[in-house]
>>> print(open('run_0.cif').read())   # mmCIF, C-alpha atoms
data_my_file
loop_
_atom_site.label_atom_id
_atom_site.label_comp_id
_atom_site.auth_asym_id
_atom_site.auth_seq_id
_atom_site.Cartn_x
_atom_site.Cartn_y
_atom_site.Cartn_z
CA MET A 137 -19.99 7.56 -1.65
CA SER A 138 -22.85 8.00 0.84
CA LYS A 139 -22.67 6.79 4.45
CA GLU A 140 -25.41 4.29 3.62
CA SER A 141 -23.38 2.86 0.72
CA LEU A 142 -20.25 2.69 2.86
CA GLU A 143 -22.15 0.77 5.54
CA ILE A 144 -23.49 -1.69 2.95
CA ASN A 145 -19.96 -2.20 1.62
CA ARG A 146 -18.67 -2.70 5.14
CA LEU A 147 -21.25 -5.42 5.77
CA GLU A 148 -20.14 -7.15 2.56
CA VAL A 149 -16.54 -7.06 3.75
CA TYR A 150 -17.55 -8.59 7.10
CA LYS A 151 -19.34 -11.38 5.22
CA GLN A 152 -16.12 -12.08 3.30
CA ILE A 153 -14.10 -12.02 6.53
CA GLU A 154 -16.40 -14.62 8.06
CA LYS A 155 -16.20 -16.72 4.89
CA GLU A 156 -12.40 -16.63 4.57
CA LEU A 157 -11.23 -16.29 8.17
CA ASN A 158 -14.20 -17.53 10.17
CA LYS A 159 -14.21 -14.31 12.20
CA THR A 160 -17.05 -11.94 13.05
CA GLN A 161 -17.35 -8.23 13.69
CA ALA A 162 -17.48 -9.04 17.40
CA ASP A 163 -14.11 -10.82 17.07
CA ILE A 164 -12.62 -7.74 15.42
CA ASN A 165 -13.96 -5.42 18.11
CA ASN A 166 -12.56 -7.65 20.85
CA ASP A 167 -9.13 -7.81 19.19
CA ILE A 168 -9.08 -4.02 18.81
CA LYS A 169 -9.53 -3.73 22.58
CA ILE A 170 -6.70 -6.21 23.23
CA VAL A 171 -4.31 -4.36 20.90
CA LYS A 172 -5.19 -0.98 22.41
CA GLU A 173 -4.41 -2.27 25.90
CA TRP A 174 -1.02 -3.46 24.63
CA LEU A 175 -0.34 -0.12 22.97
CA LYS A 176 -0.77 1.57 26.34
CA THR A 177 2.23 -0.42 27.62
CA GLN A 178 4.51 0.78 24.79
CA PRO A 179 5.88 4.18 25.93
CA HIS A 180 8.23 4.46 22.94
CA LEU A 181 5.36 4.75 20.46
CA PRO A 182 4.20 8.30 19.67
CA GLU A 183 0.46 7.63 19.80
CA ILE A 184 -2.31 5.10 20.02
CA PRO A 185 -3.76 5.02 16.50
CA GLU A 186 -7.46 5.26 15.84
CA ASP A 187 -9.54 2.07 15.91
CA ARG A 188 -9.90 2.03 12.11
CA VAL A 189 -6.11 1.77 11.68
CA ILE A 190 -5.85 -1.00 14.27
CA GLU A 191 -8.69 -2.82 12.54
CA SER A 192 -6.82 -2.70 9.23
CA PHE A 193 -3.70 -4.18 10.80
CA ILE A 194 -5.71 -6.96 12.44
CA LEU A 195 -7.18 -7.90 9.05
CA PHE A 196 -3.82 -7.65 7.25
CA ASN A 197 -2.40 -10.08 9.81
CA LYS A 198 -5.39 -12.44 9.73
CA PHE A 199 -6.26 -11.89 13.39
CA SER A 200 -2.80 -12.78 14.72
CA ILE A 201 -2.46 -10.47 17.72
CA GLU A 202 1.33 -10.91 17.92
CA ARG A 203 1.89 -10.10 14.25
CA THR A 204 -0.46 -7.13 14.57
CA LYS A 205 1.63 -5.80 17.45
CA GLN A 206 4.86 -6.24 15.44
CA LYS A 207 3.47 -4.49 12.36
CA LEU A 208 2.01 -1.58 14.32
CA ASP A 209 5.35 -1.09 16.06
CA MET A 210 7.15 -1.14 12.71
CA TYR A 211 4.55 1.23 11.23
CA TYR A 212 6.04 3.94 13.45
CA THR A 213 9.63 2.68 13.64
CA ILE A 214 10.20 2.50 9.89
CA ARG A 215 9.55 6.22 9.39
CA ALA A 216 13.08 7.01 10.51
CA THR A 217 14.46 4.01 8.60
CA ILE A 218 13.11 4.79 5.13
CA PRO A 219 12.40 8.54 5.28
CA GLU A 220 12.54 8.80 1.48
CA PHE A 221 9.30 6.78 1.36
CA PHE A 222 7.64 7.73 4.63
CA ASN A 223 8.55 11.41 4.78
CA LYS A 224 7.19 12.62 1.43
CA HIS A 225 4.18 14.82 2.09
CA PRO A 226 1.56 14.17 -0.64
CA CYS A 227 0.52 17.84 -0.56
CA SER A 228 4.02 19.20 -1.10
CA PRO A 229 4.57 20.94 -4.48
CA GLU A 230 7.05 18.23 -5.50
CA MET A 231 4.66 15.34 -4.82
CA VAL A 232 1.61 17.13 -6.25
CA GLN A 233 3.49 17.75 -9.49
CA HIS A 234 4.69 14.15 -9.62
CA ALA A 235 1.16 12.84 -9.02
CA LYS A 236 -0.11 14.74 -12.08
CA VAL A 237 1.97 12.55 -14.40
CA SER A 238 2.42 9.43 -12.27
CA LEU A 239 -1.17 8.35 -11.72
CA ILE A 240 -1.62 5.85 -8.88
CA VAL A 241 -5.21 5.54 -7.64
CA PRO A 242 -7.29 3.10 -5.63
CA LEU A 243 -10.42 2.44 -7.68
CA PRO A 244 -13.68 3.46 -5.92
CA ILE A 245 -15.49 0.10 -5.95
CA LEU A 246 -14.03 -3.01 -4.32
CA ALA A 247 -13.58 -6.19 -6.35
CA ASN A 248 -15.97 -9.07 -5.71
CA ASP A 249 -13.53 -10.61 -3.22
CA GLN A 250 -13.61 -7.36 -1.20
CA ARG A 251 -10.07 -6.40 -2.20
CA ARG A 252 -9.11 -2.90 -3.29
CA ILE A 253 -7.82 -2.40 -6.83
CA VAL A 254 -4.95 0.08 -7.14
CA TYR A 255 -4.47 1.21 -10.74
CA SER A 256 -1.34 2.98 -11.95
CA LYS A 257 -0.17 4.45 -15.24
CA PHE A 258 2.12 7.18 -16.53
CA SER A 259 0.68 10.07 -18.50
CA GLU A 260 1.85 10.26 -22.11
CA ASP A 261 3.91 13.41 -21.46
CA PHE A 262 5.75 11.99 -18.43
CA SER A 263 9.37 12.19 -19.59
CA PRO A 264 12.00 9.84 -18.14
CA GLU A 265 14.00 12.91 -17.06
CA ALA A 266 11.17 13.90 -14.71
CA PHE A 267 10.77 10.42 -13.24
CA ASN A 268 11.79 10.13 -9.60
CA GLN A 269 11.73 6.59 -8.26
CA GLU A 270 11.55 7.69 -4.62
CA ASN A 271 8.54 9.91 -5.30
CA TYR A 272 6.86 7.13 -7.27
CA LEU A 273 7.31 4.57 -4.50
CA ALA A 274 6.38 7.12 -1.80
CA GLN A 275 3.06 7.57 -3.59
CA HIS A 276 2.21 3.93 -2.85
CA PHE A 277 2.92 4.34 0.86
CA ASN A 278 0.97 7.61 1.04
CA ASN A 279 -1.94 5.82 -0.62
CA MET A 280 -1.81 3.16 2.07
CA GLU A 281 -2.11 5.82 4.77
CA LEU A 282 -5.48 6.90 3.41
CA MET A 283 -6.61 3.39 2.52
CA ILE A 284 -6.13 2.00 6.04
CA ARG A 285 -8.28 4.85 7.36
CA GLY A 286 -10.98 4.58 4.72
CA GLU A 287 -13.18 1.82 3.41
CA LEU A 288 -12.50 -1.61 4.90
CA PHE A 289 -10.78 -4.07 2.52
CA LEU A 290 -9.03 -7.45 2.76
CA GLY A 291 -6.13 -6.99 0.36
CA ILE A 292 -4.98 -5.33 -2.86
CA HIS A 293 -5.05 -6.12 -6.55
CA TYR A 294 -2.41 -4.03 -8.33
CA ILE A 295 -2.91 -3.13 -11.98
CA CYS A 296 -0.02 -1.36 -13.67
CA ASP A 297 -0.64 -0.04 -17.17
CA CYS A 298 2.82 -0.03 -18.74
CA ALA A 299 1.82 1.75 -21.96
CA GLY A 300 3.50 5.03 -20.94
CA PHE A 301 6.51 3.35 -19.35
CA LYS A 302 9.54 4.12 -21.51
CA LEU A 303 13.04 2.67 -21.59
CA GLY A 304 14.34 5.84 -19.95
CA HIS A 305 12.06 5.25 -16.98
CA VAL A 306 13.41 1.72 -16.65
CA SER A 307 17.00 2.97 -16.46
CA LYS A 308 16.17 5.01 -13.33
CA ILE A 309 14.79 2.04 -11.37
CA THR A 310 17.24 0.63 -8.82
CA PRO A 311 17.26 -2.78 -7.11
CA MET A 312 17.65 -1.12 -3.71
CA GLY A 313 14.55 1.00 -4.26
CA LEU A 314 12.52 -2.08 -5.15
CA LYS A 315 13.93 -4.00 -2.19
CA LYS A 316 13.13 -1.22 0.27
CA THR A 317 9.59 -1.08 -1.08
CA ALA A 318 9.13 -4.83 -0.68
CA VAL A 319 10.55 -4.68 2.85
CA GLY A 320 8.32 -1.74 3.76
CA MET A 321 5.20 -3.44 2.46
CA GLU A 322 6.03 -6.70 4.24
CA LYS A 323 7.26 -5.27 7.56
CA VAL A 324 4.39 -2.80 7.87
CA PHE A 325 1.44 -3.84 5.72
CA SER A 326 2.10 -7.60 5.56
CA SER A 327 2.20 -7.57 1.72
CA ARG A 328 -1.50 -8.23 1.42
CA VAL A 329 -1.14 -8.43 -2.36
CA THR A 330 -3.71 -10.70 -3.98
CA SER A 331 -2.57 -10.15 -7.56
CA ILE A 332 -0.39 -7.95 -9.76
CA TYR A 333 -1.36 -7.34 -13.39
CA LEU A 334 1.16 -5.71 -15.71
CA ILE A 335 -0.78 -4.78 -18.84
CA ASN A 336 0.66 -3.42 -22.11
CA PHE A 337 3.94 -4.99 -20.99
CA HIS A 338 7.05 -4.17 -23.06
CA SER A 339 9.99 -6.50 -23.63
CA TYR A 340 12.46 -3.84 -22.39
CA MET A 341 10.84 -4.11 -18.98
CA GLU A 342 12.25 -7.59 -18.45
CA THR A 343 15.25 -6.25 -16.49
CA PRO A 344 13.28 -4.37 -13.81
CA LEU A 345 10.85 -7.28 -13.75
CA LYS A 346 13.76 -9.56 -12.87
CA PHE A 347 14.69 -7.21 -10.02
CA LEU A 348 11.06 -7.12 -8.88
CA LYS A 349 10.77 -10.90 -8.86
CA SER A 350 14.00 -11.20 -6.88
CA VAL A 351 12.59 -9.21 -3.96
CA LEU A 352 9.03 -10.57 -3.97
CA PRO A 353 8.04 -13.58 -1.85
CA GLU A 354 7.33 -16.67 -3.94
CA LYS A 355 3.61 -16.50 -3.18
CA ILE A 356 3.49 -12.96 -4.65
CA ARG A 357 5.60 -13.92 -7.68
CA ASN A 358 3.03 -16.60 -8.43
CA ARG A 359 0.32 -13.93 -8.47
CA LEU A 360 2.08 -11.83 -11.12
CA HIS A 361 0.35 -11.68 -14.51
CA LEU A 362 1.97 -10.25 -17.67
CA CYS A 363 -0.62 -9.11 -20.21
CA SER A 364 -0.15 -7.68 -23.69
CA ASP A 365 -3.49 -5.85 -23.35
CA SER A 366 -6.39 -5.44 -20.94
CA THR A 367 -8.36 -8.50 -22.06
CA GLU A 368 -7.20 -10.53 -19.06
CA LEU A 369 -8.54 -7.91 -16.64
CA PHE A 370 -12.12 -8.37 -17.83
CA LYS A 371 -11.88 -12.05 -16.94
CA ALA A 372 -10.82 -11.16 -13.39
CA PHE A 373 -12.89 -8.06 -12.59
CA PRO A 374 -16.31 -6.66 -13.57
CA LYS A 375 -16.09 -4.10 -16.34
CA LYS A 376 -18.17 -1.64 -14.30
CA ILE A 377 -15.38 -1.14 -11.72
CA LEU A 378 -12.51 -0.69 -14.22
CA PRO A 379 -11.57 2.71 -15.71
CA GLN A 380 -12.72 4.01 -19.08
CA ASP A 381 -9.10 4.10 -20.27
CA ILE A 382 -9.16 0.35 -20.91
CA GLY A 383 -12.81 -0.05 -21.86
CA GLY A 384 -14.31 -0.14 -18.39
CA GLU A 385 -17.28 1.83 -17.10
CA GLU A 386 -15.64 3.69 -14.19
CA LYS A 387 -14.30 7.26 -14.50
CA SER A 388 -11.00 7.80 -16.30
CA VAL A 389 -7.76 7.27 -14.38
CA LEU A 390 -6.94 10.99 -14.73
CA THR A 391 -10.27 12.01 -13.20
CA LEU A 392 -9.90 9.48 -10.40
CA ALA A 393 -6.34 10.69 -9.74
CA GLU A 394 -7.60 14.27 -9.41
CA LEU A 395 -10.28 13.14 -6.95
CA TRP A 396 -7.71 11.13 -5.00
CA GLN A 397 -5.40 14.13 -4.81
CA GLN A 398 -8.28 16.09 -3.32
CA GLU A 399 -8.50 13.41 -0.62
CA PHE A 400 -4.87 14.12 0.25
CA GLN A 401 -5.68 17.80 0.51
CA ASN A 402 -8.66 17.01 2.74
CA ASN A 403 -6.33 15.00 4.99
CA LYS A 404 -3.39 17.43 4.97
CA ALA A 405 -3.44 17.71 8.78
CA LEU A 406 -3.02 13.94 9.06
CA PHE A 407 0.09 13.99 6.89
CA ASP A 408 1.44 17.05 8.67
CA LYS A 409 1.41 14.92 11.80
CA LEU A 410 2.77 11.77 10.13
CA MET A 411 5.76 13.70 8.83
CA THR A 412 6.85 14.51 12.39
CA ILE A 413 5.96 11.54 14.64
CA ARG A 414 8.87 9.32 15.63
CA VAL A 415 9.56 6.44 17.99
CA ASP A 416 11.50 7.25 21.16
CA GLU A 417 14.03 4.41 21.21
CA SER A 418 15.19 5.33 24.72
CA LYS A 419 11.77 4.24 26.02
CA ARG A 420 11.43 1.00 24.03
CA PRO A 421 10.71 -1.86 26.48
CA THR A 422 12.44 -4.48 24.31
CA LYS A 423 15.22 -3.61 21.88
CA LEU A 424 14.73 -4.34 18.21
CA THR A 425 16.24 -7.54 16.85
CA ASN A 426 18.70 -7.42 13.97
CA ASP A 427 17.19 -7.40 10.50
CA ASP A 428 18.98 -8.45 7.31
CA ILE A 429 17.78 -5.40 5.39
CA LEU A 430 16.81 -2.82 7.99
CA GLY A 431 19.79 -3.62 10.20
CA PHE A 432 19.88 -2.99 13.94
CA HIS A 433 17.53 -0.16 14.88
CA GLY A 434 16.86 0.49 11.23
CA ASN A 435 20.25 1.20 9.65
CA PHE A 436 20.29 -0.07 6.09
CA LYS A 437 23.00 -2.50 5.16
CA LYS A 438 24.56 -3.07 1.76
CA LEU A 439 22.21 -4.97 -0.52
CA ASP A 440 23.35 -7.27 -3.29
CA VAL A 441 20.83 -8.31 -5.94
CA ASP A 442 21.83 -10.86 -8.53
#
>>> encode(input="run_0.cif", output="structure tokens")
Amino acid sequence: MSKESLEINRLEVYKQIEKELNKTQADINNDIKIVKEWLKTQPHLPEIPEDRVIESFILFNKFSIERTKQKLDMYYTIRATIPEFFNKHPCSPEMVQHAKVSLIVPLPILANDQRRIVYSKFSEDFSPEAFNQENYLAQHFNNMELMIRGELFLGIHYICDCAGFKLGHVSKITPMGLKKTAVGMEKVFSSRVTSIYLINFHSYMETPLKFLKSVLPEKIRNRLHLCSDSTELFKAFPKKILPQDIGGEEKSVLTLAELWQQEFQNNKALFDKLMTIRVDESKRPTKLTNDDILGFHGNFKKLDVD
């Protein structure tokens, strides 16, 4: 996408921000300055992130400065807490191979509400034996790393095409993995999930769906749509921004996944750094409070899911 197109899109996002949150670009710029000044007083954090990252966190937290501070702190802290999700380099041979059969891609064009659509599906030859839940969930977090540095957006619509999801895949999904994912998305990215569409849904997926619902906030559960086919998607989103796989006019999911993987390669240096940065707890001004899931200073406790 050209710089001119990106700037036009950015202006559209700002219009939506003013419509929904009654905030302007000047408000965002001012809040970025406030957050950066606070970051300078936090010696335990490994860096002051770029303005674009701070801007994303401000939007995810609807201009609450205090919540933005908390989420930015946790953005760095959680890397030592859930290393299986935050320490999986997308350019490693293991993750590259997994991404070839587990296709998870942000679609190029934003939805009309200026949210990003993230589309996922399994390739037909993705055997259950090769499925790794940690790699699959790490893909989502790696995607977020690029998304918060790329085109501005207000939230996410998730579309999961379940056609290639077999019973064997289901058996390898654990409640703890789902819970950690939900905690990571909430504690870091504020769960800015606008909707979740599960299309080509199979009856044998009811068990993992039960687990998923048990860890999602009620507001997110109410945004979950089960669809036997893709018909419902065309009521929610323009056909031109959906992939060819389901009758849309955008490139195929496989092609988009290959382009997205190239973005990871282009940003390899970023992930090289992210794999190593850690919080220095000895310099933290205020100790972390206890958390039911993360525990004190990020030690996971036993989790029971009914």
>>> atom_distance(input="run_0.cif", atom1="atom CA of A:Arg285", atom2="atom CA of A:Phe400")
12.2 Å
>>> closest_residue(input="run_0.cif", among="A:Glu191, A:Leu410, A:Asp209, A:Asp297", to="A:Lys423", atoms="all atoms listed in the file")
A:Asp209
>>> atom_distance(input="run_0.cif", atom1="atom CA of A:Pro185", atom2="atom CA of A:Leu208")
9.0 Å
>>> atom_distance(input="run_0.cif", atom1="atom CA of A:Lys172", atom2="atom CA of A:Ala318")
27.4 Å
>>> resolve_selection(input="run_0.cif", expression="the PyMOL selection byres ((chain A and resi 266-282) around 8)", output="ChimeraX atom specification")
/A:220-222,224-226,231,234-235,238,240-242,262-265,283-286,305,308-309,313,317,400
>>> closest_residue(input="run_0.cif", among="A:Met411, A:Met321, A:Leu288, A:Lys169", to="A:Arg215", atoms="only C-alpha atoms")
A:Met411
>>> residues_near_point(input="run_0.cif", point="(-12.0, -12.1, -1.8)", cutoff="12 Å", atoms="all atoms listed in the file", output="short mmCIF file (atom, residue, chain, number, x, y, z; two decimals) with C-alpha atoms, in the frame of the given file")
data_model
loop_
_atom_site.label_atom_id
_atom_site.label_comp_id
_atom_site.auth_asym_id
_atom_site.auth_seq_id
_atom_site.Cartn_x
_atom_site.Cartn_y
_atom_site.Cartn_z
CA GLU A 148 -20.14 -7.15 2.56
CA VAL A 149 -16.54 -7.06 3.75
CA TYR A 150 -17.55 -8.59 7.10
CA LYS A 151 -19.34 -11.38 5.22
CA GLN A 152 -16.12 -12.08 3.30
CA ILE A 153 -14.10 -12.02 6.53
CA GLU A 154 -16.40 -14.62 8.06
CA LYS A 155 -16.20 -16.72 4.89
CA GLU A 156 -12.40 -16.63 4.57
CA LEU A 157 -11.23 -16.29 8.17
CA LEU A 246 -14.03 -3.01 -4.32
CA ALA A 247 -13.58 -6.19 -6.35
CA ASN A 248 -15.97 -9.07 -5.71
CA ASP A 249 -13.53 -10.61 -3.22
CA GLN A 250 -13.61 -7.36 -1.20
CA ARG A 251 -10.07 -6.40 -2.20
CA ARG A 252 -9.11 -2.90 -3.29
CA ILE A 253 -7.82 -2.40 -6.83
CA PHE A 289 -10.78 -4.07 2.52
CA LEU A 290 -9.03 -7.45 2.76
CA GLY A 291 -6.13 -6.99 0.36
CA ILE A 292 -4.98 -5.33 -2.86
CA HIS A 293 -5.05 -6.12 -6.55
CA ARG A 328 -1.50 -8.23 1.42
CA VAL A 329 -1.14 -8.43 -2.36
CA THR A 330 -3.71 -10.70 -3.98
CA SER A 331 -2.57 -10.15 -7.56
CA ALA A 372 -10.82 -11.16 -13.39
CA PHE A 373 -12.89 -8.06 -12.59
#
>>> closest_residue(input="run_0.cif", among="A:Tyr255, A:Phe337, A:Phe347, A:Phe196", to="A:His361", atoms="all atoms listed in the file")
A:Phe337
>>> residues_near_point(input="run_0.cif", point="(-4.6, -7.5, 13.7)", cutoff="12 Å", atoms="only C-alpha atoms", output="ChimeraX atom specification")
/A:159,163-172,187-208,290,324-326
>>> resolve_selection(input="run_0.cif", expression="the PyMOL selection byres ((chain A and resi 387) around 12)", output="PDB file with C-alpha atoms, keeping the file's coordinate frame")
ATOM      1  CA  VAL A 241      -5.210   5.540  -7.640  1.00  0.00           C
ATOM      2  CA  LEU A 243     -10.420   2.440  -7.680  1.00  0.00           C
ATOM      3  CA  PRO A 244     -13.680   3.460  -5.920  1.00  0.00           C
ATOM      4  CA  ILE A 245     -15.490   0.100  -5.950  1.00  0.00           C
ATOM      5  CA  LYS A 375     -16.090  -4.100 -16.340  1.00  0.00           C
ATOM      6  CA  LYS A 376     -18.170  -1.640 -14.300  1.00  0.00           C
ATOM      7  CA  ILE A 377     -15.380  -1.140 -11.720  1.00  0.00           C
ATOM      8  CA  LEU A 378     -12.510  -0.690 -14.220  1.00  0.00           C
ATOM      9  CA  PRO A 379     -11.570   2.710 -15.710  1.00  0.00           C
ATOM     10  CA  GLN A 380     -12.720   4.010 -19.080  1.00  0.00           C
ATOM     11  CA  ASP A 381      -9.100   4.100 -20.270  1.00  0.00           C
ATOM     12  CA  ILE A 382      -9.160   0.350 -20.910  1.00  0.00           C
ATOM     13  CA  GLY A 383     -12.810  -0.050 -21.860  1.00  0.00           C
ATOM     14  CA  GLY A 384     -14.310  -0.140 -18.390  1.00  0.00           C
ATOM     15  CA  GLU A 385     -17.280   1.830 -17.100  1.00  0.00           C
ATOM     16  CA  GLU A 386     -15.640   3.690 -14.190  1.00  0.00           C
ATOM     17  CA  SER A 388     -11.000   7.800 -16.300  1.00  0.00           C
ATOM     18  CA  VAL A 389      -7.760   7.270 -14.380  1.00  0.00           C
ATOM     19  CA  LEU A 390      -6.940  10.990 -14.730  1.00  0.00           C
ATOM     20  CA  THR A 391     -10.270  12.010 -13.200  1.00  0.00           C
ATOM     21  CA  LEU A 392      -9.900   9.480 -10.400  1.00  0.00           C
ATOM     22  CA  ALA A 393      -6.340  10.690  -9.740  1.00  0.00           C
ATOM     23  CA  GLU A 394      -7.600  14.270  -9.410  1.00  0.00           C
ATOM     24  CA  LEU A 395     -10.280  13.140  -6.950  1.00  0.00           C
TER      25      LEU A 395
END
>>> residues_around(input="run_0.cif", residues="A:Ala216", least_positions_apart="3", cutoff="9 Å", atoms="only C-alpha atoms", output="number ranges by chain")
A: 212-213, 219, 222-223, 414-415, 434
>>> axis_aligned_box(input="run_0.cif", around="stretch 328-335 of chain A", padding_each_side="4 Å", output="JSON")
{"center_x": -1.3, "center_y": -7.7, "center_z": -8.7, "size_x": 12.9, "size_y": 13.9, "size_z": 28.3}
>>> resolve_selection(input="run_0.cif", expression="the PyMOL selection byres ((chain A and resi 348) around 9)", output="compact mmCIF listing (two decimals) with C-alpha atoms, keeping the file's coordinate frame")
# COMPACT_ATOMS: atom_id res chain seq x y z
CA PRO A 311 17.26 -2.78 -7.11
CA LEU A 314 12.52 -2.08 -5.15
CA LYS A 315 13.93 -4.00 -2.19
CA ALA A 318 9.13 -4.83 -0.68
CA THR A 343 15.25 -6.25 -16.49
CA PRO A 344 13.28 -4.37 -13.81
CA LEU A 345 10.85 -7.28 -13.75
CA LYS A 346 13.76 -9.56 -12.87
CA PHE A 347 14.69 -7.21 -10.02
CA LYS A 349 10.77 -10.90 -8.86
CA SER A 350 14.00 -11.20 -6.88
CA VAL A 351 12.59 -9.21 -3.96
CA LEU A 352 9.03 -10.57 -3.97
CA ARG A 357 5.60 -13.92 -7.68
>>> closest_residue(input="run_0.cif", among="A:Arg359, A:Arg420, A:Lys316, A:Lys236", to="A:Tyr333", atoms="only C-alpha atoms")
A:Arg359
>>> residues_around(input="run_0.cif", residues="A:Leu362", least_positions_apart="2", cutoff="9 Å", atoms="all atoms listed in the file", output="list of chain:residue names")
A:Ile332, A:Tyr333, A:Leu334, A:Ile335, A:Asn336, A:Phe337, A:Leu360, A:Ser364
>>> closest_residue(input="run_0.cif", among="A:His338, A:His180, A:Ile413, A:Val306", to="A:Asp365", atoms="only C-alpha atoms")
A:His338
>>> decode(input="run_0.cif", residues="stretch 395-408 of chain A", atoms="N, CA and C atoms", output="compact mmCIF listing (two decimals), in the first residue's frame")
# COMPACT_ATOMS: atom_id res chain seq x y z
N LEU A 395 2.63 -13.25 1.99
CA LEU A 395 3.01 -11.84 2.06
C LEU A 395 3.24 -11.41 3.51
N TRP A 396 2.41 -11.93 4.40
CA TRP A 396 2.55 -11.58 5.82
C TRP A 396 3.84 -12.17 6.39
N GLN A 397 4.18 -13.39 5.96
CA GLN A 397 5.43 -13.98 6.41
C GLN A 397 6.62 -13.17 5.94
N GLN A 398 6.51 -12.56 4.77
CA GLN A 398 7.58 -11.70 4.28
C GLN A 398 7.72 -10.47 5.17
N GLU A 399 6.60 -9.99 5.73
CA GLU A 399 6.65 -8.86 6.66
C GLU A 399 7.44 -9.24 7.91
N PHE A 400 7.27 -10.47 8.37
CA PHE A 400 8.06 -10.93 9.52
C PHE A 400 9.55 -10.94 9.17
N GLN A 401 9.87 -11.41 7.98
CA GLN A 401 11.27 -11.42 7.56
C GLN A 401 11.82 -9.99 7.48
N ASN A 402 11.00 -9.08 6.97
CA ASN A 402 11.43 -7.68 6.88
C ASN A 402 11.67 -7.06 8.25
N ASN A 403 11.00 -7.60 9.26
CA ASN A 403 11.11 -7.07 10.62
C ASN A 403 11.84 -8.03 11.55
N LYS A 404 12.72 -8.84 10.99
CA LYS A 404 13.45 -9.83 11.79
C LYS A 404 14.24 -9.17 12.93
N ALA A 405 14.85 -8.02 12.65
CA ALA A 405 15.64 -7.34 13.68
C ALA A 405 14.77 -6.94 14.88
N LEU A 406 13.53 -6.54 14.60
CA LEU A 406 12.61 -6.20 15.68
C LEU A 406 12.38 -7.40 16.59
N PHE A 407 12.12 -8.55 15.99
CA PHE A 407 11.85 -9.74 16.80
C PHE A 407 13.11 -10.28 17.46
N ASP A 408 14.25 -10.08 16.83
CA ASP A 408 15.51 -10.44 17.49
C ASP A 408 15.61 -9.70 18.82
